[in-house]
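A.B. asks: Quick one, query_20.cif (mmCIF, C-alpha atoms and all ligand atoms):
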```cif
data_start
loop_
_atom_site.group_PDB
_atom_site.id
_atom_site.type_symbol
_atom_site.label_atom_id
_atom_site.label_comp_id
_atom_site.auth_asym_id
_atom_site.auth_seq_id
_atom_site.Cartn_x
_atom_site.Cartn_y
_atom_site.Cartn_z
ATOM 1 C CA MET A 36 7.093 25.088 -19.527
ATOM 2 C CA PHE A 37 7.951 28.776 -18.897
ATOM 3 C CA GLU A 38 8.532 30.604 -15.599
ATOM 4 C CA THR A 39 9.077 34.232 -16.595
ATOM 5 C CA ILE A 40 6.756 34.501 -19.580
ATOM 6 C CA LEU A 41 3.339 33.224 -20.593
ATOM 7 C CA TYR A 42 2.930 31.600 -24.012
ATOM 8 C CA GLN A 43 -0.387 30.946 -25.644
ATOM 9 C CA VAL A 44 -1.553 30.328 -29.215
ATOM 10 C CA GLU A 45 -5.040 31.429 -30.177
ATOM 11 C CA ASN A 46 -6.576 32.057 -33.605
ATOM 12 C CA ASN A 47 -3.168 31.634 -35.315
ATOM 13 C CA VAL A 48 -1.553 34.246 -33.031
ATOM 14 C CA ALA A 49 1.179 33.402 -30.486
ATOM 15 C CA TRP A 50 0.929 35.642 -27.428
ATOM 16 C CA VAL A 51 4.220 36.034 -25.534
ATOM 17 C CA THR A 52 3.596 37.874 -22.264
ATOM 18 C CA MET A 53 6.525 38.940 -20.102
ATOM 19 C CA ASN A 54 5.436 37.921 -16.652
ATOM 20 C CA ARG A 55 7.426 39.568 -13.850
ATOM 21 C CA PRO A 56 4.895 42.339 -13.131
ATOM 22 C CA ASP A 57 6.247 43.133 -9.656
ATOM 23 C CA LYS A 58 9.628 43.936 -11.331
ATOM 24 C CA LEU A 59 8.039 45.851 -14.232
ATOM 25 C CA ASN A 60 8.883 42.769 -16.336
ATOM 26 C CA ALA A 61 12.610 43.543 -16.121
ATOM 27 C CA PHE A 62 14.768 41.011 -17.957
ATOM 28 C CA THR A 63 16.653 38.232 -16.259
ATOM 29 C CA GLU A 64 18.842 35.745 -18.091
ATOM 30 C CA GLN A 65 16.043 33.229 -17.823
ATOM 31 C CA MET A 66 13.562 35.638 -19.370
ATOM 32 C CA ASN A 67 15.910 36.316 -22.304
ATOM 33 C CA LYS A 68 16.212 32.553 -22.824
ATOM 34 C CA GLU A 69 12.491 31.948 -22.531
ATOM 35 C CA ILE A 70 11.662 34.690 -25.047
ATOM 36 C CA ILE A 71 14.135 33.138 -27.503
ATOM 37 C CA LYS A 72 12.552 29.732 -26.933
ATOM 38 C CA ALA A 73 9.048 31.144 -27.449
ATOM 39 C CA LEU A 74 10.079 32.895 -30.683
ATOM 40 C CA LYS A 75 11.691 29.710 -31.993
ATOM 41 C CA SER A 76 8.586 27.766 -31.144
ATOM 42 C CA ALA A 77 6.354 30.346 -32.893
ATOM 43 C CA GLY A 78 8.653 30.165 -35.928
ATOM 44 C CA LYS A 79 8.366 26.373 -36.187
ATOM 45 C CA ASP A 80 4.644 26.121 -35.471
ATOM 46 C CA THR A 81 2.768 26.297 -38.805
ATOM 47 C CA GLU A 82 -0.399 27.191 -36.889
ATOM 48 C CA VAL A 83 1.258 30.450 -35.759
ATOM 49 C CA ARG A 84 1.049 33.224 -38.354
ATOM 50 C CA ALA A 85 1.642 36.298 -36.148
ATOM 51 C CA VAL A 86 3.279 36.939 -32.775
ATOM 52 C CA VAL A 87 2.392 39.464 -30.079
ATOM 53 C CA LEU A 88 4.927 40.494 -27.425
ATOM 54 C CA THR A 89 3.434 42.209 -24.405
ATOM 55 C CA GLY A 90 3.838 42.685 -20.652
ATOM 56 C CA LYS A 91 1.791 41.660 -17.649
ATOM 57 C CA GLY A 92 0.739 44.406 -15.259
ATOM 58 C CA ARG A 93 1.490 48.106 -15.583
ATOM 59 C CA ALA A 94 4.736 47.884 -17.620
ATOM 60 C CA PHE A 95 5.805 46.477 -20.959
ATOM 61 C CA CYS A 96 9.398 45.913 -19.809
ATOM 62 C CA ALA A 97 11.857 48.008 -17.745
ATOM 63 C CA GLY A 98 14.962 46.572 -19.454
ATOM 64 C CA GLU A 99 17.625 44.617 -17.608
ATOM 65 C CA ASP A 100 16.866 43.820 -13.976
ATOM 66 C CA LEU A 101 19.476 46.101 -12.457
ATOM 67 C CA ALA A 102 19.647 43.941 -9.342
ATOM 68 C CA GLY A 103 21.758 41.551 -11.441
ATOM 69 C CA VAL A 104 24.273 44.164 -12.660
ATOM 70 C CA ASN A 105 27.415 44.908 -10.639
ATOM 71 C CA GLU A 106 31.001 46.095 -11.043
ATOM 72 C CA ASP A 107 32.109 42.655 -12.191
ATOM 73 C CA THR A 108 29.586 42.524 -15.019
ATOM 74 C CA ASP A 109 31.273 42.108 -18.407
ATOM 75 C CA HIS A 110 28.774 44.176 -20.363
ATOM 76 C CA ALA A 111 29.901 42.960 -23.790
ATOM 77 C CA GLU A 112 29.551 39.304 -22.816
ATOM 78 C CA PHE A 113 26.236 40.109 -21.175
ATOM 79 C CA LEU A 114 24.913 41.389 -24.492
ATOM 80 C CA ARG A 115 26.506 38.700 -26.659
ATOM 81 C CA LYS A 116 25.147 35.926 -24.504
ATOM 82 C CA ARG A 117 21.708 37.198 -23.589
ATOM 83 C CA TYR A 118 20.373 40.107 -25.611
ATOM 84 C CA ASN A 119 21.931 39.839 -29.067
ATOM 85 C CA PRO A 120 20.571 36.299 -29.664
ATOM 86 C CA MET A 121 17.099 37.484 -28.621
ATOM 87 C CA ILE A 122 17.130 40.417 -31.064
ATOM 88 C CA ARG A 123 18.550 38.226 -33.864
ATOM 89 C CA GLU A 124 15.815 35.665 -33.276
ATOM 90 C CA LEU A 125 13.171 38.380 -33.550
ATOM 91 C CA ALA A 126 14.651 39.888 -36.710
ATOM 92 C CA SER A 127 15.014 36.539 -38.458
ATOM 93 C CA LEU A 128 11.533 35.271 -37.575
ATOM 94 C CA GLU A 129 9.712 35.383 -40.914
ATOM 95 C CA LYS A 130 6.330 36.047 -39.358
ATOM 96 C CA PRO A 131 4.992 39.453 -38.304
ATOM 97 C CA VAL A 132 5.790 40.406 -34.706
ATOM 98 C CA ILE A 133 3.755 43.059 -32.893
ATOM 99 C CA ALA A 134 5.005 44.732 -29.727
ATOM 100 C CA ALA A 135 1.837 45.500 -27.785
ATOM 101 C CA VAL A 136 3.262 48.156 -25.502
ATOM 102 C CA ASN A 137 0.876 48.197 -22.568
ATOM 103 C CA GLY A 138 2.973 50.436 -20.301
ATOM 104 C CA VAL A 139 6.495 51.741 -19.947
ATOM 105 C CA ALA A 140 9.162 50.297 -22.262
ATOM 106 C CA ALA A 141 12.614 51.254 -20.970
ATOM 107 C CA GLY A 142 16.207 50.322 -21.826
ATOM 108 C CA ALA A 143 16.346 46.932 -23.502
ATOM 109 C CA GLY A 144 12.563 46.727 -23.078
ATOM 110 C CA MET A 145 12.310 49.608 -25.533
ATOM 111 C CA SER A 146 14.880 47.834 -27.737
ATOM 112 C CA LEU A 147 12.642 44.772 -27.856
ATOM 113 C CA ALA A 148 9.749 46.950 -29.030
ATOM 114 C CA LEU A 149 11.914 48.685 -31.647
ATOM 115 C CA ALA A 150 13.039 45.346 -33.063
ATOM 116 C CA SER A 151 9.427 44.236 -33.527
ATOM 117 C CA ASP A 152 7.748 44.749 -36.898
ATOM 118 C CA PHE A 153 4.798 46.721 -35.559
ATOM 119 C CA ARG A 154 4.343 48.693 -32.337
ATOM 120 C CA LEU A 155 0.879 49.253 -30.916
ATOM 121 C CA ALA A 156 0.707 51.353 -27.776
ATOM 122 C CA SER A 157 -1.804 51.832 -25.012
ATOM 123 C CA GLU A 158 -2.341 55.485 -24.101
ATOM 124 C CA LYS A 159 -0.637 54.456 -20.820
ATOM 125 C CA ALA A 160 2.568 53.442 -22.648
ATOM 126 C CA ALA A 161 5.807 55.418 -22.676
ATOM 127 C CA PHE A 162 9.250 54.860 -24.153
ATOM 128 C CA VAL A 163 12.487 55.626 -22.303
ATOM 129 C CA GLU A 164 16.047 55.258 -23.585
ATOM 130 C CA ALA A 165 17.015 54.741 -19.946
ATOM 131 C CA PHE A 166 20.596 53.613 -20.573
ATOM 132 C CA ILE A 167 22.112 57.092 -20.315
ATOM 133 C CA HIS A 168 20.724 57.537 -16.792
ATOM 134 C CA ILE A 169 23.081 54.805 -15.605
ATOM 135 C CA GLY A 170 25.960 55.908 -17.832
ATOM 136 C CA LEU A 171 25.426 53.228 -20.508
ATOM 137 C CA VAL A 172 24.770 53.362 -24.243
ATOM 138 C CA PRO A 173 21.629 52.052 -25.945
ATOM 139 C CA ASP A 174 21.995 48.388 -26.851
ATOM 140 C CA SER A 175 20.039 45.345 -28.023
ATOM 141 C CA GLY A 176 19.624 46.828 -31.496
ATOM 142 C CA THR A 177 18.546 50.324 -30.512
ATOM 143 C CA LEU A 178 21.492 52.028 -32.229
ATOM 144 C CA TYR A 179 20.382 50.204 -35.386
ATOM 145 C CA TYR A 180 16.613 50.580 -35.241
ATOM 146 C CA LEU A 181 16.151 53.971 -33.582
ATOM 147 C CA PRO A 182 17.726 56.192 -36.292
ATOM 148 C CA ARG A 183 15.955 54.173 -38.959
ATOM 149 C CA LEU A 184 12.605 54.789 -37.284
ATOM 150 C CA VAL A 185 12.919 58.421 -36.214
ATOM 151 C CA GLY A 186 15.950 59.795 -38.123
ATOM 152 C CA HIS A 187 19.447 60.544 -36.877
ATOM 153 C CA ALA A 188 18.773 63.863 -35.136
ATOM 154 C CA LYS A 189 15.832 62.609 -33.087
ATOM 155 C CA ALA A 190 17.620 59.344 -32.297
ATOM 156 C CA MET A 191 20.538 61.341 -30.895
ATOM 157 C CA GLU A 192 18.177 63.425 -28.758
ATOM 158 C CA LEU A 193 16.242 60.434 -27.403
ATOM 159 C CA ALA A 194 19.397 58.424 -26.672
ATOM 160 C CA VAL A 195 21.322 61.275 -25.067
ATOM 161 C CA PHE A 196 18.600 62.840 -22.925
ATOM 162 C CA GLY A 197 16.673 59.643 -22.185
ATOM 163 C CA GLU A 198 13.464 61.549 -21.638
ATOM 164 C CA LYS A 199 10.211 59.668 -21.280
ATOM 165 C CA VAL A 200 8.255 59.755 -24.573
ATOM 166 C CA PRO A 201 4.502 59.300 -24.007
ATOM 167 C CA ALA A 202 2.489 57.160 -26.450
ATOM 168 C CA GLU A 203 0.951 60.002 -28.489
ATOM 169 C CA LYS A 204 4.314 61.704 -28.920
ATOM 170 C CA ALA A 205 5.813 58.338 -29.912
ATOM 171 C CA LYS A 206 3.185 58.080 -32.641
ATOM 172 C CA GLU A 207 4.054 61.566 -33.927
ATOM 173 C CA LEU A 208 7.714 60.525 -34.081
ATOM 174 C CA GLY A 209 6.919 57.370 -36.045
ATOM 175 C CA LEU A 210 7.904 55.088 -33.170
ATOM 176 C CA VAL A 211 4.476 53.455 -32.947
ATOM 177 C CA ASN A 212 1.909 52.488 -35.567
ATOM 178 C CA ASP A 213 -1.166 53.161 -33.458
ATOM 179 C CA VAL A 214 -2.266 54.270 -30.006
ATOM 180 C CA TYR A 215 -5.391 52.881 -28.293
ATOM 181 C CA SER A 216 -7.287 54.021 -25.242
ATOM 182 C CA GLU A 217 -6.689 51.779 -22.235
ATOM 183 C CA GLU A 218 -10.152 50.216 -22.645
ATOM 184 C CA GLU A 219 -9.688 49.483 -26.346
ATOM 185 C CA PHE A 220 -6.069 48.351 -26.214
ATOM 186 C CA GLN A 221 -6.525 44.594 -25.738
ATOM 187 C CA ALA A 222 -9.267 44.250 -28.355
ATOM 188 C CA GLY A 223 -7.378 46.540 -30.757
ATOM 189 C CA VAL A 224 -4.185 44.473 -30.505
ATOM 190 C CA LYS A 225 -6.134 41.222 -30.906
ATOM 191 C CA ALA A 226 -7.895 42.483 -34.052
ATOM 192 C CA TYR A 227 -4.620 43.799 -35.534
ATOM 193 C CA ALA A 228 -2.789 40.531 -34.818
ATOM 194 C CA GLU A 229 -5.584 38.331 -36.135
ATOM 195 C CA ARG A 230 -5.819 40.440 -39.277
ATOM 196 C CA LEU A 231 -2.082 39.867 -39.878
ATOM 197 C CA ALA A 232 -2.448 36.173 -39.027
ATOM 198 C CA HIS A 233 -4.949 35.710 -41.842
ATOM 199 C CA MET A 234 -2.888 37.434 -44.511
ATOM 200 C CA PRO A 235 -0.401 35.732 -46.892
ATOM 201 C CA THR A 236 2.177 34.747 -44.253
ATOM 202 C CA LYS A 237 4.902 33.715 -46.695
ATOM 203 C CA ALA A 238 4.715 37.035 -48.541
ATOM 204 C CA ILE A 239 4.899 38.918 -45.214
ATOM 205 C CA GLY A 240 7.973 36.877 -44.242
ATOM 206 C CA LEU A 241 9.617 37.732 -47.569
ATOM 207 C CA ILE A 242 8.731 41.433 -47.203
ATOM 208 C CA LYS A 243 10.375 41.414 -43.755
ATOM 209 C CA ARG A 244 13.494 39.598 -44.957
ATOM 210 C CA TYR A 245 14.071 41.889 -47.939
ATOM 211 C CA LEU A 246 13.189 45.158 -46.221
ATOM 212 C CA TYR A 247 16.029 44.310 -43.830
ATOM 213 C CA LYS A 248 18.308 43.665 -46.816
ATOM 214 C CA SER A 249 17.404 47.050 -48.330
ATOM 215 C CA TRP A 250 19.203 48.774 -45.458
ATOM 216 C CA ASP A 251 22.616 47.774 -46.711
ATOM 217 C CA HIS A 252 22.096 46.994 -50.406
ATOM 218 C CA ASP A 253 21.876 49.229 -53.478
ATOM 219 C CA LEU A 254 19.051 49.494 -56.012
ATOM 220 C CA SER A 255 20.587 46.996 -58.374
ATOM 221 C CA ASP A 256 20.857 44.346 -55.625
ATOM 222 C CA MET A 257 17.331 45.073 -54.452
ATOM 223 C CA LEU A 258 15.859 44.682 -57.948
ATOM 224 C CA GLU A 259 17.426 41.230 -58.073
ATOM 225 C CA TYR A 260 16.223 40.371 -54.537
ATOM 226 C CA GLU A 261 12.721 41.453 -55.536
ATOM 227 C CA ALA A 262 12.815 39.150 -58.542
ATOM 228 C CA TYR A 263 13.910 36.265 -56.329
ATOM 229 C CA ALA A 264 11.320 37.032 -53.639
ATOM 230 C CA GLN A 265 8.572 37.384 -56.222
ATOM 231 C CA ARG A 266 9.384 34.002 -57.723
ATOM 232 C CA THR A 267 9.056 32.454 -54.253
ATOM 233 C CA ALA A 268 5.829 34.301 -53.471
ATOM 234 C CA GLY A 269 4.510 33.517 -56.950
ATOM 235 C CA LYS A 270 4.728 29.790 -56.195
ATOM 236 C CA SER A 271 2.717 30.046 -52.969
ATOM 237 C CA ASP A 272 -0.806 28.734 -52.440
ATOM 238 C CA ASP A 273 -1.705 32.199 -51.184
ATOM 239 C CA HIS A 274 -0.777 33.799 -54.506
ATOM 240 C CA ARG A 275 -2.935 31.234 -56.298
ATOM 241 C CA GLU A 276 -5.809 31.902 -53.894
ATOM 242 C CA GLY A 277 -5.413 35.699 -54.205
ATOM 243 C CA MET A 278 -5.612 35.478 -58.003
ATOM 244 C CA LYS A 279 -8.577 33.126 -57.948
ATOM 245 C CA ALA A 280 -10.452 35.294 -55.440
ATOM 246 C CA PHE A 281 -9.795 38.374 -57.575
ATOM 247 C CA PHE A 282 -11.401 36.821 -60.656
ATOM 248 C CA ASP A 283 -14.183 35.180 -58.617
ATOM 249 C CA LYS A 284 -14.905 38.643 -57.162
ATOM 250 C CA ARG A 285 -14.769 37.373 -53.542
ATOM 251 C CA GLN A 286 -12.599 37.864 -50.454
ATOM 252 C CA PRO A 287 -9.525 35.581 -50.472
ATOM 253 C CA SER A 288 -9.067 32.954 -47.787
ATOM 254 C CA TYR A 289 -5.334 32.611 -47.203
ATOM 255 C CA SER A 290 -3.767 29.503 -45.661
ATOM 256 C CA GLY A 291 -0.306 30.980 -45.036
ATOM 257 C CA LYS A 292 1.232 28.398 -47.385
HETATM 258 O O1 LIG B 301 25.428 44.857 -19.008
HETATM 259 C C1 LIG B 301 24.389 45.494 -19.133
HETATM 260 O O2 LIG B 301 23.794 46.017 -18.179
HETATM 261 C C2 LIG B 301 23.864 45.636 -20.522
HETATM 262 C C3 LIG B 301 22.399 45.446 -20.591
HETATM 263 C C4 LIG B 301 21.612 46.502 -20.614
HETATM 264 C C5 LIG B 301 20.193 46.366 -20.849
HETATM 265 C C6 LIG B 301 19.378 47.447 -20.199
HETATM 266 O O3 LIG B 301 18.194 47.372 -20.313
HETATM 267 S S1 LIG B 301 20.148 48.690 -19.312
HETATM 268 C C7 LIG B 301 18.766 49.701 -18.782
HETATM 269 C C8 LIG B 301 18.070 49.086 -17.598
HETATM 270 N N1 LIG B 301 16.821 49.725 -17.306
HETATM 271 C C9 LIG B 301 16.745 50.902 -16.689
HETATM 272 O O4 LIG B 301 17.719 51.549 -16.393
HETATM 273 C C10 LIG B 301 15.356 51.386 -16.345
HETATM 274 C C11 LIG B 301 15.265 51.689 -14.860
HETATM 275 N N2 LIG B 301 13.902 52.023 -14.491
HETATM 276 C C12 LIG B 301 13.365 53.224 -14.757
HETATM 277 O O5 LIG B 301 13.935 54.101 -15.365
HETATM 278 C C13 LIG B 301 11.977 53.428 -14.253
HETATM 279 O O6 LIG B 301 11.736 52.511 -13.210
HETATM 280 C C14 LIG B 301 10.894 53.225 -15.339
HETATM 281 C C15 LIG B 301 10.975 54.391 -16.329
HETATM 282 C C16 LIG B 301 11.060 51.892 -16.065
HETATM 283 C C17 LIG B 301 9.488 53.214 -14.678
HETATM 284 O O7 LIG B 301 9.351 54.361 -13.869
HETATM 285 P P1 LIG B 301 8.148 54.431 -12.835
HETATM 286 O O8 LIG B 301 8.199 55.774 -12.188
HETATM 287 O O9 LIG B 301 6.906 54.047 -13.509
HETATM 288 O O10 LIG B 301 8.453 53.265 -11.763
HETATM 289 P P2 LIG B 301 9.561 53.264 -10.621
HETATM 290 O O11 LIG B 301 8.959 53.774 -9.359
HETATM 291 O O12 LIG B 301 10.802 53.915 -11.094
HETATM 292 O O13 LIG B 301 9.866 51.705 -10.495
HETATM 293 C C18 LIG B 301 8.989 50.839 -9.779
HETATM 294 C C19 LIG B 301 9.833 49.775 -9.112
HETATM 295 O O14 LIG B 301 10.472 48.972 -10.120
HETATM 296 C C20 LIG B 301 10.958 50.384 -8.272
HETATM 297 O O15 LIG B 301 11.184 49.506 -7.180
HETATM 298 P P3 LIG B 301 10.575 49.845 -5.728
HETATM 299 O O16 LIG B 301 11.086 51.194 -5.343
HETATM 300 O O17 LIG B 301 9.083 49.820 -5.902
HETATM 301 O O18 LIG B 301 11.083 48.722 -4.875
HETATM 302 C C21 LIG B 301 12.140 50.312 -9.218
HETATM 303 O O19 LIG B 301 13.373 50.304 -8.547
HETATM 304 C C22 LIG B 301 11.878 48.969 -9.904
HETATM 305 N N3 LIG B 301 12.556 48.893 -11.223
HETATM 306 C C23 LIG B 301 12.251 49.639 -12.297
HETATM 307 N N4 LIG B 301 13.063 49.300 -13.291
HETATM 308 C C24 LIG B 301 13.879 48.348 -12.827
HETATM 309 C C25 LIG B 301 13.551 48.079 -11.488
HETATM 310 N N5 LIG B 301 14.216 47.171 -10.758
HETATM 311 C C26 LIG B 301 15.234 46.522 -11.354
HETATM 312 N N6 LIG B 301 15.598 46.732 -12.636
HETATM 313 C C27 LIG B 301 14.953 47.622 -13.393
HETATM 314 N N7 LIG B 301 15.315 47.796 -14.678
#
```
Do you think you could lay out the structure here as structure tokens?

C.D. replies:
Amino acid sequence: MFETILYQVENNVAWVTMNRPDKLNAFTEQMNKEIIKALKSAGKDTEVRAVVLTGKGRAFCAGEDLAGVNEDTDHAEFLRKRYNPMIRELASLEKPVIAAVNGVAAGAGMSLALASDFRLASEKAAFVEAFIHIGLVPDSGTLYYLPRLVGHAKAMELAVFGEKVPAEKAKELGLVNDVYSEEEFQAGVKAYAERLAHMPTKAIGLIKRYLYKSWDHDLSDMLEYEAYAQRTAGKSDDHREGMKAFFDKRQPSYSGK
């Protein structure tokens, strides 16, 4: 079904693994398309309640495969056709997405991680805003996400100097949620993803949707969005189960509905 990625669903988690390890999982047009297809499929599949994006081999993703870029490349069309739809798909997927950053994430590979809802890093991971080294500007959502994650001043520094940020430093900056030793990385990501996959999925989807809205809406709008979101969440089976479990003094068992 896929040639450049692997896709597997296990314990309510969809694992999307970029699979061009000999090219540090650099993007090709086909890989962009296959990631979009995988995200759409995870969105539609009611069994899937969390998504993990990761890379095969020593890298997470080295950004665009530069072998495909030349003087005739129309960079704007490149982004509109290939990268922007991928980032939009990720942002609009109302299920939690974890970037499991196993190795270097550079250029649009870093953008993909930034657009995810959670970033878990192996101690071997590093983040590079590589664009500047080839005279380009950060794209694929980085100019949106980066300042929101690390603040304007740090975003400017990372984007302009393009220095490699190791995992621990990335955690200090607020770029990643957690760092694991190489040995513990796989099990740590699995536990994190499965924990998310057994939480109230609808409520998580609503949290994601309205946190995005908060970035360009005022308090008054947000109070109204909260009321709307709470009505929706309040009608879910998971709310009913959470309430029942509270009064029964037991752990809730959420269905994601
Ligand atoms: O129109 C547009 O272009 C807009 C779209 C833009 C999207 C983008 O992502 S632009 C940014 C593209 N990415 C980069 O510029 C990153 C380039 N790569 C690097 O900076 C470094 O390779 C890394 C920091 C990712 C990793 O460094 P390191 O030291 O671990 O590995 P390396 O030795 O540099 O690379 C290993 C091999 O992978 C090497 O090939 P070789 O010498 O073994 O044959 C290297 O050329 C190749 N490689 C790494 N990144 C890419 C790549 N080949 C093609 N495309 C790459 N992006």

A.B. asks: For each of A:Ala165, A:Leu59, A:Met234, A:Val200, take the minimum atom-to-atom distance to Tyr289 in chain A, counting only C-alpha atoms, then give the residue where this is smallest.

C.D. replies: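 With only C-alpha atoms as the atom set, the closest residue is A:Met234.
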
A.B. asks: For the file shown, what are the residues hit by the PyMOL selection byres (((not hetatm)) within 7 of (chain B and resi 301)), laid out as a PyMOL selection string?

C.D. replies: chain A and resi 58-59+61+97-102+104+108-111+113-114+139-144+163+165-166+168-169+174

A.B. asks: Where does the PyMOL selection byres (((chain A and resi 147-152) around 7) and not hetatm) land in this file, that is, which residues does it pick, as a count of residues only?

C.D. replies: 16

A.B. asks: Evaluate the PyMOL selection byres (((chain A and resi 231) around 10) and not hetatm) on the structure here and hand back the selected residues as a list in words.

C.D. replies: Asn47, Val48, Arg84, Ala85, Val86, Lys130, Pro131, Val132, Ile133, Lys225, Ala226, Tyr227, Ala228, Glu229, Arg230, Ala232, His233, Met234, Pro235, Thr236 and Ile239 of chain A

A.B. asks: Go ahead and compute the interatomic distance for CA of Ser76 in chain A and CA of Arg115 in chain A, in Å to one decimal.

C.D. replies: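 Separation of CA of Ser76 in chain A and CA of Arg115 in chain A: 21.5 Å.
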
A.B. asks: Which one of A:Ser127, A:Ser249, A:Asn46, A:Asn60 sits closest to Arg93 in chain A if you count all atoms listed in the file?

C.D. replies: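 That would be A:Asn60, the residue with the smallest distance to Arg93 in chain A.
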
A.B. asks: Just give me the gap between CA of Glu219 in chain A and CA of Ser157 in chain A in Å, one decimal is fine.

C.D. replies: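 Computed distance, CA of Glu219 in chain A to CA of Ser157 in chain A, equals 8.3 Å.
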